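Okay, coords-v1.pdb now, which holds PDB, C-alpha atoms:
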ATOM      1  CA  MET O   1      -5.817   3.236 -39.534
ATOM      2  CA  LYS O   2      -7.362   1.989 -36.266
ATOM      3  CA  THR O   3      -5.734  -1.259 -35.182
ATOM      4  CA  ARG O   4      -7.112  -3.889 -32.810
ATOM      5  CA  ALA O   5      -4.750  -2.432 -30.227
ATOM      6  CA  ASN O   6      -6.631   0.823 -29.843
ATOM      7  CA  LEU O   7     -10.258  -0.221 -30.333
ATOM      8  CA  ASP O   8     -12.570  -1.146 -27.462
ATOM      9  CA  SER O   9     -13.485  -4.860 -27.610
ATOM     10  CA  SER O  10     -17.159  -4.242 -26.910
ATOM     11  CA  THR O  11     -17.929  -0.773 -28.300
ATOM     12  CA  GLY O  12     -15.360  -0.465 -31.071
ATOM     13  CA  ALA O  13     -14.509   3.019 -29.808
ATOM     14  CA  GLU O  14     -10.899   4.130 -29.776
ATOM     15  CA  VAL O  15      -9.045   3.426 -26.515
ATOM     16  CA  THR O  16      -5.981   5.596 -25.982
ATOM     17  CA  ASN O  17      -3.246   4.672 -23.527
ATOM     18  CA  GLY O  18      -3.098   8.149 -21.934
ATOM     19  CA  SER O  19      -5.478   7.436 -19.078
ATOM     20  CA  GLY O  20      -3.617   4.294 -18.006
ATOM     21  CA  ALA O  21      -0.236   5.990 -18.386
ATOM     22  CA  ALA O  22      -1.477   8.890 -16.224
ATOM     23  CA  ALA O  23      -2.550   6.519 -13.421
ATOM     24  CA  ILE O  24       0.726   4.573 -13.579
ATOM     25  CA  LEU O  25       3.062   7.595 -13.613
ATOM     26  CA  ALA O  26       1.082   9.305 -10.828
ATOM     27  CA  ALA O  27       1.370   6.164  -8.662
ATOM     28  CA  GLY O  28       5.135   6.148  -9.263
ATOM     29  CA  ILE O  29       5.460   9.839  -8.375
ATOM     30  CA  GLY O  30       3.239   9.479  -5.280
ATOM     31  CA  SER O  31       5.250   6.479  -4.072
ATOM     32  CA  PHE O  32       8.524   8.317  -4.662
ATOM     33  CA  PHE O  33       7.314  11.312  -2.659
ATOM     34  CA  LEU O  34       6.355   8.963   0.163
ATOM     35  CA  GLY O  35       9.970   7.753   0.322
ATOM     36  CA  VAL O  36      11.441  11.261   0.036
ATOM     37  CA  LEU O  37       9.118  12.778   2.646
ATOM     38  CA  SER O  38       9.716   9.927   5.120
ATOM     39  CA  ILE O  39      13.469  10.664   4.969
ATOM     40  CA  ALA O  40      12.942  14.434   5.074
ATOM     41  CA  ALA O  41      10.775  14.153   8.199
ATOM     42  CA  ASP O  42      13.405  11.944   9.814
ATOM     43  CA  LYS O  43      16.268  14.362   9.080
ATOM     44  CA  SER O  44      14.635  17.701   9.845
ATOM     45  CA  ALA O  45      13.159  18.617  13.244
ATOM     46  CA  PHE O  46      11.162  21.391  11.562
ATOM     47  CA  LEU O  47       9.561  18.986   9.048
ATOM     48  CA  LYS O  48       9.005  16.352  11.722
ATOM     49  CA  ASP O  49       7.014  18.904  13.710
ATOM     50  CA  MET O  50       5.228  20.242  10.620
ATOM     51  CA  PHE O  51       4.092  16.755   9.559
ATOM     52  CA  ARG O  52       2.482  16.078  12.946
ATOM     53  CA  PHE O  53      -1.031  16.412  11.460
ATOM     54  CA  TYR O  54      -2.545  14.038  14.021
ATOM     55  CA  GLY O  55      -0.744  14.004  17.368
ATOM     56  CA  PRO O  56      -1.171  10.346  18.396
ATOM     57  CA  THR O  57       0.185   9.117  15.029
ATOM     58  CA  GLY O  58       2.948  11.739  14.892
ATOM     59  CA  PRO O  59       4.837  12.763  11.722
ATOM     60  CA  LEU O  60       3.679   9.608   9.903
ATOM     61  CA  SER O  61       0.234  11.204   9.572
ATOM     62  CA  GLY O  62       1.610  14.226   7.697
ATOM     63  CA  VAL O  63       4.130  12.316   5.591
ATOM     64  CA  THR O  64       1.523   9.868   4.281
ATOM     65  CA  THR O  65      -1.290  12.421   3.899
ATOM     66  CA  THR O  66       0.990  14.775   1.944
ATOM     67  CA  ALA O  67       2.270  11.962  -0.298
ATOM     68  CA  ILE O  68      -1.311  10.829  -0.986
ATOM     69  CA  LEU O  69      -2.421  14.381  -1.810
ATOM     70  CA  ILE O  70       0.548  14.787  -4.195
ATOM     71  CA  TRP O  71      -0.307  11.426  -5.830
ATOM     72  CA  LEU O  72      -3.967  12.326  -6.312
ATOM     73  CA  LEU O  73      -3.158  15.837  -7.545
ATOM     74  CA  VAL O  74      -0.604  14.551 -10.082
ATOM     75  CA  TRP O  75      -3.053  11.836 -11.168
ATOM     76  CA  GLY O  76      -5.817  14.401 -11.698
ATOM     77  CA  ILE O  77      -3.565  16.709 -13.726
ATOM     78  CA  LEU O  78      -2.118  13.903 -15.881
ATOM     79  CA  GLU O  79      -5.557  12.380 -16.441
ATOM     80  CA  TRP O  80      -6.848  15.771 -17.558
ATOM     81  CA  ARG O  81      -3.900  16.264 -19.920
ATOM     82  CA  TRP O  82      -3.535  12.719 -21.301
ATOM     83  CA  ARG O  83      -6.939  11.012 -21.194
ATOM     84  CA  LYS O  84      -7.621  11.455 -24.901
ATOM     85  CA  ARG O  85      -4.029  11.106 -26.025
ATOM     86  CA  THR O  86      -1.721   8.288 -26.988
ATOM     87  CA  VAL O  87       1.548   8.819 -25.151
ATOM     88  CA  ALA O  88       5.022   7.209 -25.206
ATOM     89  CA  VAL O  89       3.804   4.605 -22.762
ATOM     90  CA  ALA O  90       6.968   2.472 -22.629
ATOM     91  CA  ARG O  91       8.999   5.404 -21.305
ATOM     92  CA  VAL O  92       6.233   6.469 -18.926
ATOM     93  CA  CYS O  93       5.894   2.945 -17.482
ATOM     94  CA  ALA O  94       9.674   2.559 -17.179
ATOM     95  CA  ALA O  95       9.920   5.876 -15.320
ATOM     96  CA  ALA O  96       7.050   4.900 -13.009
ATOM     97  CA  LEU O  97       8.610   1.521 -12.187
ATOM     98  CA  VAL O  98      12.003   3.152 -11.496
ATOM     99  CA  LEU O  99      10.301   5.629  -9.140
ATOM    100  CA  LEU O 100       8.482   2.758  -7.432
ATOM    101  CA  GLY O 101      11.742   0.833  -7.007
ATOM    102  CA  LEU O 102      13.427   3.938  -5.553
ATOM    103  CA  SER O 103      10.548   4.455  -3.142
ATOM    104  CA  LEU O 104      10.929   0.879  -1.913
ATOM    105  CA  LEU O 105      14.626   1.599  -1.261
ATOM    106  CA  LEU O 106      14.058   5.026   0.290
ATOM    107  CA  THR O 107      11.616   3.685   2.867
ATOM    108  CA  PHE O 108      14.259   1.210   4.107
ATOM    109  CA  PRO O 109      15.740   2.983   7.177
ATOM    110  CA  PRO O 110      19.442   2.075   6.623
ATOM    111  CA  VAL O 111      19.235   3.682   3.146
ATOM    112  CA  GLY O 112      17.752   6.841   4.642
ATOM    113  CA  ASP O 113      20.553   6.877   7.235
ATOM    114  CA  LEU O 114      23.153   6.893   4.450
ATOM    115  CA  LEU O 115      21.737  10.059   2.864
TER     116      LEU O 115
ATOM    117  CA  MET F   1     -10.809 -17.362  26.052
ATOM    118  CA  GLU F   2     -10.330 -13.672  26.489
ATOM    119  CA  ILE F   3      -8.565 -11.027  24.461
ATOM    120  CA  THR F   4      -7.917  -7.354  25.128
ATOM    121  CA  GLU F   5      -9.581  -4.735  22.950
ATOM    122  CA  ARG F   6      -6.222  -3.512  21.561
ATOM    123  CA  SER F   7      -5.130  -7.054  20.799
ATOM    124  CA  LEU F   8      -8.416  -7.697  19.003
ATOM    125  CA  TRP F   9      -7.961  -4.620  16.798
ATOM    126  CA  THR F  10      -4.369  -5.684  16.083
ATOM    127  CA  LEU F  11      -5.740  -9.045  14.929
ATOM    128  CA  VAL F  12      -8.348  -7.373  12.716
ATOM    129  CA  HIS F  13      -5.631  -5.154  11.203
ATOM    130  CA  GLY F  14      -3.035  -7.889  10.628
ATOM    131  CA  MET F  15      -4.874 -11.181  10.297
ATOM    132  CA  GLY F  16      -7.993  -9.617   8.834
ATOM    133  CA  PHE F  17      -7.128  -6.864   6.385
ATOM    134  CA  GLY F  18      -3.389  -7.581   5.963
ATOM    135  CA  ALA F  19      -3.417 -11.364   5.642
ATOM    136  CA  LEU F  20      -6.480 -11.296   3.382
ATOM    137  CA  TYR F  21      -4.667  -8.812   1.148
ATOM    138  CA  LEU F  22      -1.605 -11.072   0.942
ATOM    139  CA  LEU F  23      -3.781 -14.065   0.083
ATOM    140  CA  ALA F  24      -5.623 -12.093  -2.590
ATOM    141  CA  SER F  25      -2.364 -10.853  -4.169
ATOM    142  CA  SER F  26      -1.433 -14.226  -5.617
ATOM    143  CA  GLY F  27      -4.809 -14.482  -7.390
ATOM    144  CA  ALA F  28      -4.473 -11.003  -8.885
ATOM    145  CA  LEU F  29      -0.918 -11.665 -10.073
ATOM    146  CA  VAL F  30      -1.846 -14.956 -11.724
ATOM    147  CA  GLU F  31      -4.939 -13.480 -13.379
ATOM    148  CA  LEU F  32      -3.061 -10.435 -14.703
ATOM    149  CA  TYR F  33      -0.103 -12.538 -15.839
ATOM    150  CA  ARG F  34      -1.970 -15.385 -17.557
ATOM    151  CA  ARG F  35      -5.398 -14.180 -18.619
ATOM    152  CA  TYR F  36      -4.418 -10.668 -19.674
ATOM    153  CA  SER F  37      -1.277 -11.629 -21.557
ATOM    154  CA  PRO F  38      -1.503 -10.832 -25.305
ATOM    155  CA  ASN F  39      -0.869 -14.588 -25.787
ATOM    156  CA  GLY F  40      -3.213 -15.614 -22.971
ATOM    157  CA  PRO F  41      -5.432 -18.712 -23.150
ATOM    158  CA  GLY F  42      -8.610 -17.830 -25.093
ATOM    159  CA  PRO F  43     -10.531 -14.560 -25.031
ATOM    160  CA  VAL F  44     -11.304 -12.838 -21.710
ATOM    161  CA  SER F  45     -15.072 -13.141 -21.157
ATOM    162  CA  GLU F  46     -17.222 -10.324 -19.792
ATOM    163  CA  THR F  47     -17.712 -12.348 -16.582
ATOM    164  CA  ASP F  48     -13.943 -12.773 -16.131
ATOM    165  CA  GLU F  49     -13.458  -9.074 -16.796
ATOM    166  CA  GLN F  50     -16.053  -8.099 -14.180
ATOM    167  CA  PHE F  51     -14.554 -10.579 -11.725
ATOM    168  CA  LEU F  52     -11.070  -9.030 -11.937
ATOM    169  CA  LYS F  53     -12.477  -5.506 -11.644
ATOM    170  CA  VAL F  54     -14.390  -6.350  -8.449
ATOM    171  CA  TYR F  55     -11.443  -8.428  -7.131
ATOM    172  CA  LEU F  56      -8.980  -5.546  -7.483
ATOM    173  CA  VAL F  57     -11.395  -2.984  -6.028
ATOM    174  CA  VAL F  58     -11.897  -5.259  -2.984
ATOM    175  CA  MET F  59      -8.094  -5.594  -2.690
ATOM    176  CA  ALA F  60      -7.773  -1.801  -2.767
ATOM    177  CA  VAL F  61     -10.395  -1.471  -0.011
ATOM    178  CA  LEU F  62      -8.537  -4.091   2.083
ATOM    179  CA  ALA F  63      -5.229  -2.262   1.565
ATOM    180  CA  TRP F  64      -6.680   1.086   2.649
ATOM    181  CA  LEU F  65      -8.384  -0.482   5.676
ATOM    182  CA  ALA F  66      -5.085  -2.130   6.651
ATOM    183  CA  VAL F  67      -2.971   1.045   6.500
ATOM    184  CA  LEU F  68      -5.609   3.341   8.011
ATOM    185  CA  SER F  69      -6.361   1.000  10.928
ATOM    186  CA  GLY F  70      -2.628   0.501  11.420
ATOM    187  CA  ALA F  71      -1.669   4.182  11.347
ATOM    188  CA  TYR F  72      -4.605   5.706  13.182
ATOM    189  CA  LEU F  73      -5.707   2.980  15.590
ATOM    190  CA  ILE F  74      -2.843   0.656  16.480
ATOM    191  CA  TYR F  75       0.236   2.819  15.902
ATOM    192  CA  PRO F  76      -0.830   5.409  18.538
ATOM    193  CA  TRP F  77      -1.100   2.559  21.101
ATOM    194  CA  TYR F  78       2.281   1.240  19.963
ATOM    195  CA  ARG F  79       4.114   4.583  20.266
ATOM    196  CA  ALA F  80       2.407   5.802  23.472
ATOM    197  CA  VAL F  81       4.877   7.535  25.762
ATOM    198  CA  ALA F  82       5.296   5.992  29.206
ATOM    199  CA  PRO F  83       4.998   8.392  32.144
ATOM    200  CA  ALA F  84       8.354   9.182  33.772
ATOM    201  CA  GLY F  85       9.467   6.486  36.182
ATOM    202  CA  THR F  86       7.310   3.721  34.690
ATOM    203  CA  ALA F  87       9.047   0.422  35.477
ATOM    204  CA  ASN F  88       6.708  -1.963  33.656
ATOM    205  CA  LEU F  89       6.755  -1.024  29.961
ATOM    206  CA  ALA F  90       4.390  -3.814  28.814
ATOM    207  CA  ALA F  91       1.706  -1.275  27.855
ATOM    208  CA  PHE F  92       4.227   0.814  25.854
ATOM    209  CA  PRO F  93       5.536  -1.489  23.083
ATOM    210  CA  GLN F  94       7.864   1.006  21.387
ATOM    211  CA  ARG F  95       9.480   1.940  24.710
ATOM    212  CA  LEU F  96       9.737  -1.717  25.669
ATOM    213  CA  LEU F  97      11.587  -2.567  22.429
ATOM    214  CA  LEU F  98      13.925   0.413  22.731
ATOM    215  CA  SER F  99      14.768  -0.436  26.348
ATOM    216  CA  HIS F 100      16.826  -3.504  25.337
ATOM    217  CA  PRO F 101      19.692  -3.501  22.788
ATOM    218  CA  ALA F 102      18.585  -6.969  21.641
ATOM    219  CA  THR F 103      15.124  -5.727  20.636
ATOM    220  CA  SER F 104      15.654  -2.045  19.771
ATOM    221  CA  GLU F 105      16.196  -2.727  16.058
ATOM    222  CA  TRP F 106      12.790  -4.333  15.777
ATOM    223  CA  HIS F 107      11.634  -0.752  16.186
ATOM    224  CA  SER F 108      14.419   1.252  14.516
ATOM    225  CA  ILE F 109      14.445  -0.929  11.391
ATOM    226  CA  GLY F 110      11.295  -3.059  11.571
ATOM    227  CA  MET F 111       8.646  -0.536  12.567
ATOM    228  CA  GLU F 112      10.377   2.383  10.826
ATOM    229  CA  TRP F 113      10.305   0.444   7.536
ATOM    230  CA  LYS F 114       6.864  -1.083   8.032
ATOM    231  CA  GLU F 115       5.116   2.189   8.845
ATOM    232  CA  HIS F 116       6.223   3.735   5.537
ATOM    233  CA  VAL F 117       6.570   0.852   3.078
ATOM    234  CA  ALA F 118       3.028  -0.350   3.847
ATOM    235  CA  TRP F 119       1.610   2.756   2.145
ATOM    236  CA  LEU F 120       3.036   1.687  -1.210
ATOM    237  CA  THR F 121       0.428  -1.081  -1.171
ATOM    238  CA  PRO F 122      -2.805   0.982  -1.329
ATOM    239  CA  ILE F 123      -1.262   3.448  -3.791
ATOM    240  CA  SER F 124      -0.143   0.648  -6.128
ATOM    241  CA  ILE F 125      -3.263  -1.487  -5.956
ATOM    242  CA  THR F 126      -5.628   1.496  -6.272
ATOM    243  CA  MET F 127      -3.807   2.386  -9.483
ATOM    244  CA  ALA F 128      -4.004  -1.239 -10.680
ATOM    245  CA  ALA F 129      -7.746  -1.359  -9.925
ATOM    246  CA  ALA F 130      -8.339   1.963 -11.699
ATOM    247  CA  VAL F 131      -6.480   0.840 -14.834
ATOM    248  CA  VAL F 132      -8.304  -2.512 -14.962
ATOM    249  CA  VAL F 133     -11.680  -0.828 -14.385
ATOM    250  CA  ARG F 134     -10.854   1.670 -17.169
ATOM    251  CA  TYR F 135      -9.464  -0.800 -19.739
ATOM    252  CA  GLY F 136     -10.988  -4.146 -18.806
ATOM    253  CA  ARG F 137     -10.160  -6.860 -21.325
ATOM    254  CA  ASN F 138      -8.632  -4.227 -23.647
ATOM    255  CA  LEU F 139      -5.622  -4.343 -21.336
ATOM    256  CA  ARG F 140      -4.531  -7.323 -23.451
ATOM    257  CA  HIS F 141      -3.937  -4.923 -26.306
ATOM    258  CA  HIS F 142      -1.839  -2.570 -24.130
ATOM    259  CA  PRO F 143       1.070  -4.815 -23.074
ATOM    260  CA  GLN F 144       3.125  -1.977 -21.575
ATOM    261  CA  LEU F 145       0.220  -0.842 -19.380
ATOM    262  CA  ARG F 146      -0.406  -4.449 -18.341
ATOM    263  CA  GLY F 147       3.305  -4.920 -17.570
ATOM    264  CA  ALA F 148       3.371  -1.836 -15.361
ATOM    265  CA  VAL F 149       0.151  -2.840 -13.577
ATOM    266  CA  LEU F 150       1.650  -6.272 -12.979
ATOM    267  CA  GLY F 151       4.875  -4.676 -11.642
ATOM    268  CA  PHE F 152       2.995  -2.392  -9.260
ATOM    269  CA  THR F 153       0.802  -5.296  -8.078
ATOM    270  CA  LEU F 154       3.934  -7.353  -7.401
ATOM    271  CA  VAL F 155       5.523  -4.489  -5.426
ATOM    272  CA  SER F 156       2.269  -4.020  -3.490
ATOM    273  CA  PHE F 157       2.505  -7.713  -2.530
ATOM    274  CA  VAL F 158       6.162  -7.343  -1.483
ATOM    275  CA  ALA F 159       5.402  -4.179   0.529
ATOM    276  CA  ALA F 160       2.451  -5.865   2.239
ATOM    277  CA  GLY F 161       4.653  -8.884   2.954
ATOM    278  CA  ILE F 162       7.358  -6.698   4.561
ATOM    279  CA  ALA F 163       4.726  -4.901   6.648
ATOM    280  CA  GLY F 164       3.089  -8.195   7.611
ATOM    281  CA  PHE F 165       6.362  -9.869   8.568
ATOM    282  CA  PHE F 166       7.507  -7.002  10.770
ATOM    283  CA  GLY F 167       4.016  -6.574  12.198
ATOM    284  CA  ALA F 168       4.019 -10.202  13.333
ATOM    285  CA  MET F 169       7.556 -10.008  14.747
ATOM    286  CA  LEU F 170       6.913  -6.713  16.532
ATOM    287  CA  ASN F 171       3.755  -8.099  18.080
ATOM    288  CA  LYS F 172       5.688 -11.202  19.152
ATOM    289  CA  ASN F 173       8.407  -9.155  20.881
ATOM    290  CA  ALA F 174       6.204  -6.374  22.274
ATOM    291  CA  PRO F 175       2.478  -7.081  21.883
ATOM    292  CA  VAL F 176       0.007  -4.226  21.686
ATOM    293  CA  GLU F 177      -2.193  -4.989  24.672
ATOM    294  CA  GLY F 178      -4.638  -3.081  26.819
ATOM    295  CA  GLY F 179      -8.142  -1.734  26.974
ATOM    296  CA  ARG F 180     -11.130  -3.694  28.167
ATOM    297  CA  THR F 181     -11.144  -7.473  28.001
ATOM    298  CA  VAL F 182     -13.370  -9.159  25.449
ATOM    299  CA  GLY F 183     -14.609 -12.728  26.014
ATOM    300  CA  VAL F 184     -14.177 -14.732  22.790
ATOM    301  CA  LEU F 185     -15.221 -18.272  23.730
ATOM    302  CA  HIS F 186     -16.436 -19.926  26.897
ATOM    303  CA  GLY F 187     -15.973 -23.641  27.566
ATOM    304  CA  GLU F 188     -16.033 -26.128  30.428
ATOM    305  CA  THR F 189     -12.873 -27.129  32.280
ATOM    306  CA  HIS F 190     -12.231 -30.906  32.270
TER     307      HIS F 190
END
Starting from the file, give its structure as structure tokens.
Amino acid sequence: MKTRANLDSSTGAEVTNGSGAAAILAAGIGSFFLGVLSIAADKSAFLKDMFRFYGPTGPLSGVTTTAILIWLLVWGILEWRWRKRTVAVARVCAAALVLLGLSLLLTFPPVGDLL
Amino acid sequence: MEITERSLWTLVHGMGFGALYLLASSGALVELYRRYSPNGPGPVSETDEQFLKVYLVVMAVLAWLAVLSGAYLIYPWYRAVAPAGTANLAAFPQRLLLSHPATSEWHSIGMEWKEHVAWLTPISITMAAAVVVRYGRNLRHHPQLRGAVLGFTLVSFVAAGIAGFFGAMLNKNAPVEGGRTVGVLHGETH
């Protein structure tokens, strides 16, 4: 039975939660990679040099560009897989928010220095 | 009144894109929290729905403009390397901060955090805008999605606030200056 929760208010068509869950989890994963890559580039001379995509900006250019590409790639894949599906959205959202919280911590330099 | 070109761009980045984003955040949070709650006041009209969609897309544009102008325009001026033997480091803000123990942590903690944490803002708000554009008023019937969007929007506000705070303090301790001088206003001396 279609409930009010999964029917579009204006068209009456079914609205699954997969597309939203895909966007949310991808944002969490992209943010987490931003934190991880910022620490990795700080710890490794090789990565620091490799992430120097644009000289005047230095490794920040590579760290952020790579994290954004990972985010968009993951988003595209999840959207393709989940857009017509109803997924366990509570777990997906919880995982995404945990990843976002970790990314906030990982970007804080004293935390990176501890690792 | 005159201002240097680099200072003007720093103003556009911080007071333009960044401060506007911070101001807009409160509106987005209130709208998502109150109007899109399953127990929100009355139904969400089509006009309200369109308003929030446009509002969040504009916020996403502001966030991207803020981080891109910061990383690719101002940051290179900030981290420019002073030629060997340079005594006056005023044109090299990072070097100026690192030259004094009392100011070095504005760079090693402040700028190091700001330059990375700021990027959480466009990622989070682009996601929020995409979900609201996709679901519109139906978001009311997806409380978990709404909760996550609200959480990401809140973190985007916090990240922008951290970046804005350190941006202001860094510019206070070691302003990004240089380039040609731009006349802003001309008046008579009394």
Apply the PyMOL selection byres ((chain F) within 8 of (chain O)) to the displayed file and report the matching residues as number ranges by chain.
-> F: 71-72, 75-76, 79-80, 108-109, 112-113, 115-117, 119-120, 123-124, 127, 130-131, 134-135, 137-138, 141-142, 144-145, 148-149, 151-152, 159
Return as an mmCIF file with C-alpha atoms, in the coordinates of the input the set of residues that the PyMOL selection byres ((chain F and resi 32) around 10) yields on the displayed structure.
data_model
loop_
_atom_site.group_PDB
_atom_site.id
_atom_site.type_symbol
_atom_site.label_atom_id
_atom_site.label_comp_id
_atom_site.auth_asym_id
_atom_site.auth_seq_id
_atom_site.Cartn_x
_atom_site.Cartn_y
_atom_site.Cartn_z
ATOM 1 C CA SER F 26 -1.433 -14.226 -5.617
ATOM 2 C CA GLY F 27 -4.809 -14.482 -7.390
ATOM 3 C CA ALA F 28 -4.473 -11.003 -8.885
ATOM 4 C CA LEU F 29 -0.918 -11.665 -10.073
ATOM 5 C CA VAL F 30 -1.846 -14.956 -11.724
ATOM 6 C CA GLU F 31 -4.939 -13.480 -13.379
ATOM 7 C CA TYR F 33 -0.103 -12.538 -15.839
ATOM 8 C CA ARG F 34 -1.970 -15.385 -17.557
ATOM 9 C CA ARG F 35 -5.398 -14.180 -18.619
ATOM 10 C CA TYR F 36 -4.418 -10.668 -19.674
ATOM 11 C CA SER F 37 -1.277 -11.629 -21.557
ATOM 12 C CA GLY F 40 -3.213 -15.614 -22.971
ATOM 13 C CA LEU F 52 -11.070 -9.030 -11.937
ATOM 14 C CA VAL F 132 -8.304 -2.512 -14.962
ATOM 15 C CA LEU F 139 -5.622 -4.343 -21.336
ATOM 16 C CA ARG F 140 -4.531 -7.323 -23.451
ATOM 17 C CA ARG F 146 -0.406 -4.449 -18.341
ATOM 18 C CA GLY F 147 3.305 -4.920 -17.570
ATOM 19 C CA VAL F 149 0.151 -2.840 -13.577
ATOM 20 C CA LEU F 150 1.650 -6.272 -12.979
ATOM 21 C CA THR F 153 0.802 -5.296 -8.078
#
Point-to-point distance from atom CA of Ala45 of chain O to atom CA of Thr66 of chain O, Å rounded to tenths |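 These atoms are spaced 17.0 Å apart.
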Find the residues with any atom within 8 Å of (0.1, 0.1, 30.1); use all atoms listed in the file and the coordinates as given in the file, and write the answer as a short mmCIF file (atom, residue, chain, number, x, y, z; two decimals) with C-alpha atoms, keeping the file's coordinate frame.
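After the write, point27.cif holds the following:
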data_model
loop_
_atom_site.label_atom_id
_atom_site.label_comp_id
_atom_site.auth_asym_id
_atom_site.auth_seq_id
_atom_site.Cartn_x
_atom_site.Cartn_y
_atom_site.Cartn_z
CA ALA F 82 5.30 5.99 29.21
CA ASN F 88 6.71 -1.96 33.66
CA LEU F 89 6.76 -1.02 29.96
CA ALA F 90 4.39 -3.81 28.81
CA ALA F 91 1.71 -1.27 27.86
CA PHE F 92 4.23 0.81 25.85
CA GLU F 177 -2.19 -4.99 24.67
CA GLY F 178 -4.64 -3.08 26.82
#
Atom CA of Gly110 of chain F to atom CA of Ile70 of chain O, straight-line distance in Å = 26.1 Å
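The spacing separating atom CA of Val111 of chain O from atom CA of Ala19 of chain F amounts to 27.3 Å.
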Of the candidates F:Pro93, F:Gly70, F:Gly161, F:Gly14, which shows the shortest atom-to-atom distance to His107 of chain F, using all atoms listed in the file?
-> F:Pro93
List as a compact mmCIF listing (two decimals) with C-alpha atoms, keeping the file's coordinate frame the protein and nucleic acid residues near Phe166 of chain F, meaning an atom at most 8 Å away when all atoms listed in the file are counted, but skip any in the same chain fewer than 4 places from it.
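Once written, around-v8.txt looks like this:
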# COMPACT_ATOMS: atom_id res chain seq x y z
CA TRP F 106 12.79 -4.33 15.78
CA GLY F 110 11.30 -3.06 11.57
CA MET F 111 8.65 -0.54 12.57
CA LYS F 114 6.86 -1.08 8.03
CA ILE F 162 7.36 -6.70 4.56
CA LEU F 170 6.91 -6.71 16.53
Explicit residues for the PyMOL selection byres ((chain F and resi 60) around 10) (as number ranges by chain) | F: 21, 54-59, 61-66, 121-130
Would you fill the gaps in segment 13-24 of chain F so it has N, CA, C and O atoms, then print it as a PDB file, in the frame of the given file?
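Contents of the output file part_4.pdb:
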ATOM      1  N   HIS F  13      -6.537  -5.861  12.118  1.00  0.00           N
ATOM      2  CA  HIS F  13      -5.631  -5.154  11.203  1.00  0.00           C
ATOM      3  C   HIS F  13      -4.698  -6.134  10.465  1.00  0.00           C
ATOM      4  O   HIS F  13      -4.584  -6.078   9.233  1.00  0.00           O
ATOM      5  N   GLY F  14      -4.056  -7.020  11.216  1.00  0.00           N
ATOM      6  CA  GLY F  14      -3.035  -7.889  10.628  1.00  0.00           C
ATOM      7  C   GLY F  14      -3.591  -9.154   9.998  1.00  0.00           C
ATOM      8  O   GLY F  14      -3.331  -9.442   8.821  1.00  0.00           O
ATOM      9  N   MET F  15      -4.354  -9.900  10.791  1.00  0.00           N
ATOM     10  CA  MET F  15      -4.874 -11.181  10.297  1.00  0.00           C
ATOM     11  C   MET F  15      -6.115 -10.988   9.430  1.00  0.00           C
ATOM     12  O   MET F  15      -6.437 -11.824   8.594  1.00  0.00           O
ATOM     13  N   GLY F  16      -6.816  -9.898   9.648  1.00  0.00           N
ATOM     14  CA  GLY F  16      -7.993  -9.617   8.834  1.00  0.00           C
ATOM     15  C   GLY F  16      -7.594  -8.938   7.536  1.00  0.00           C
ATOM     16  O   GLY F  16      -7.392  -9.590   6.505  1.00  0.00           O
ATOM     17  N   PHE F  17      -7.404  -7.635   7.605  1.00  0.00           N
ATOM     18  CA  PHE F  17      -7.128  -6.864   6.385  1.00  0.00           C
ATOM     19  C   PHE F  17      -5.793  -7.259   5.724  1.00  0.00           C
ATOM     20  O   PHE F  17      -5.737  -7.486   4.513  1.00  0.00           O
ATOM     21  N   GLY F  18      -4.723  -7.334   6.523  1.00  0.00           N
ATOM     22  CA  GLY F  18      -3.389  -7.581   5.963  1.00  0.00           C
ATOM     23  C   GLY F  18      -3.241  -8.971   5.360  1.00  0.00           C
ATOM     24  O   GLY F  18      -2.808  -9.118   4.208  1.00  0.00           O
ATOM     25  N   ALA F  19      -3.588  -9.991   6.138  1.00  0.00           N
ATOM     26  CA  ALA F  19      -3.417 -11.364   5.642  1.00  0.00           C
ATOM     27  C   ALA F  19      -4.345 -11.647   4.458  1.00  0.00           C
ATOM     28  O   ALA F  19      -3.947 -12.323   3.505  1.00  0.00           O
ATOM     29  N   LEU F  20      -5.562 -11.107   4.516  1.00  0.00           N
ATOM     30  CA  LEU F  20      -6.480 -11.296   3.382  1.00  0.00           C
ATOM     31  C   LEU F  20      -5.904 -10.657   2.126  1.00  0.00           C
ATOM     32  O   LEU F  20      -6.019 -11.205   1.023  1.00  0.00           O
ATOM     33  N   TYR F  21      -5.284  -9.482   2.296  1.00  0.00           N
ATOM     34  CA  TYR F  21      -4.667  -8.812   1.148  1.00  0.00           C
ATOM     35  C   TYR F  21      -3.570  -9.687   0.543  1.00  0.00           C
ATOM     36  O   TYR F  21      -3.495  -9.864  -0.680  1.00  0.00           O
ATOM     37  N   LEU F  22      -2.706 -10.233   1.423  1.00  0.00           N
ATOM     38  CA  LEU F  22      -1.605 -11.072   0.942  1.00  0.00           C
ATOM     39  C   LEU F  22      -2.133 -12.296   0.204  1.00  0.00           C
ATOM     40  O   LEU F  22      -1.610 -12.672  -0.846  1.00  0.00           O
ATOM     41  N   LEU F  23      -3.191 -12.897   0.753  1.00  0.00           N
ATOM     42  CA  LEU F  23      -3.781 -14.065   0.083  1.00  0.00           C
ATOM     43  C   LEU F  23      -4.346 -13.682  -1.282  1.00  0.00           C
ATOM     44  O   LEU F  23      -4.178 -14.402  -2.265  1.00  0.00           O
ATOM     45  N   ALA F  24      -4.991 -12.528  -1.337  1.00  0.00           N
ATOM     46  CA  ALA F  24      -5.623 -12.093  -2.590  1.00  0.00           C
ATOM     47  C   ALA F  24      -4.583 -11.745  -3.654  1.00  0.00           C
ATOM     48  O   ALA F  24      -4.853 -11.881  -4.860  1.00  0.00           O
TER      49      ALA F  24
END
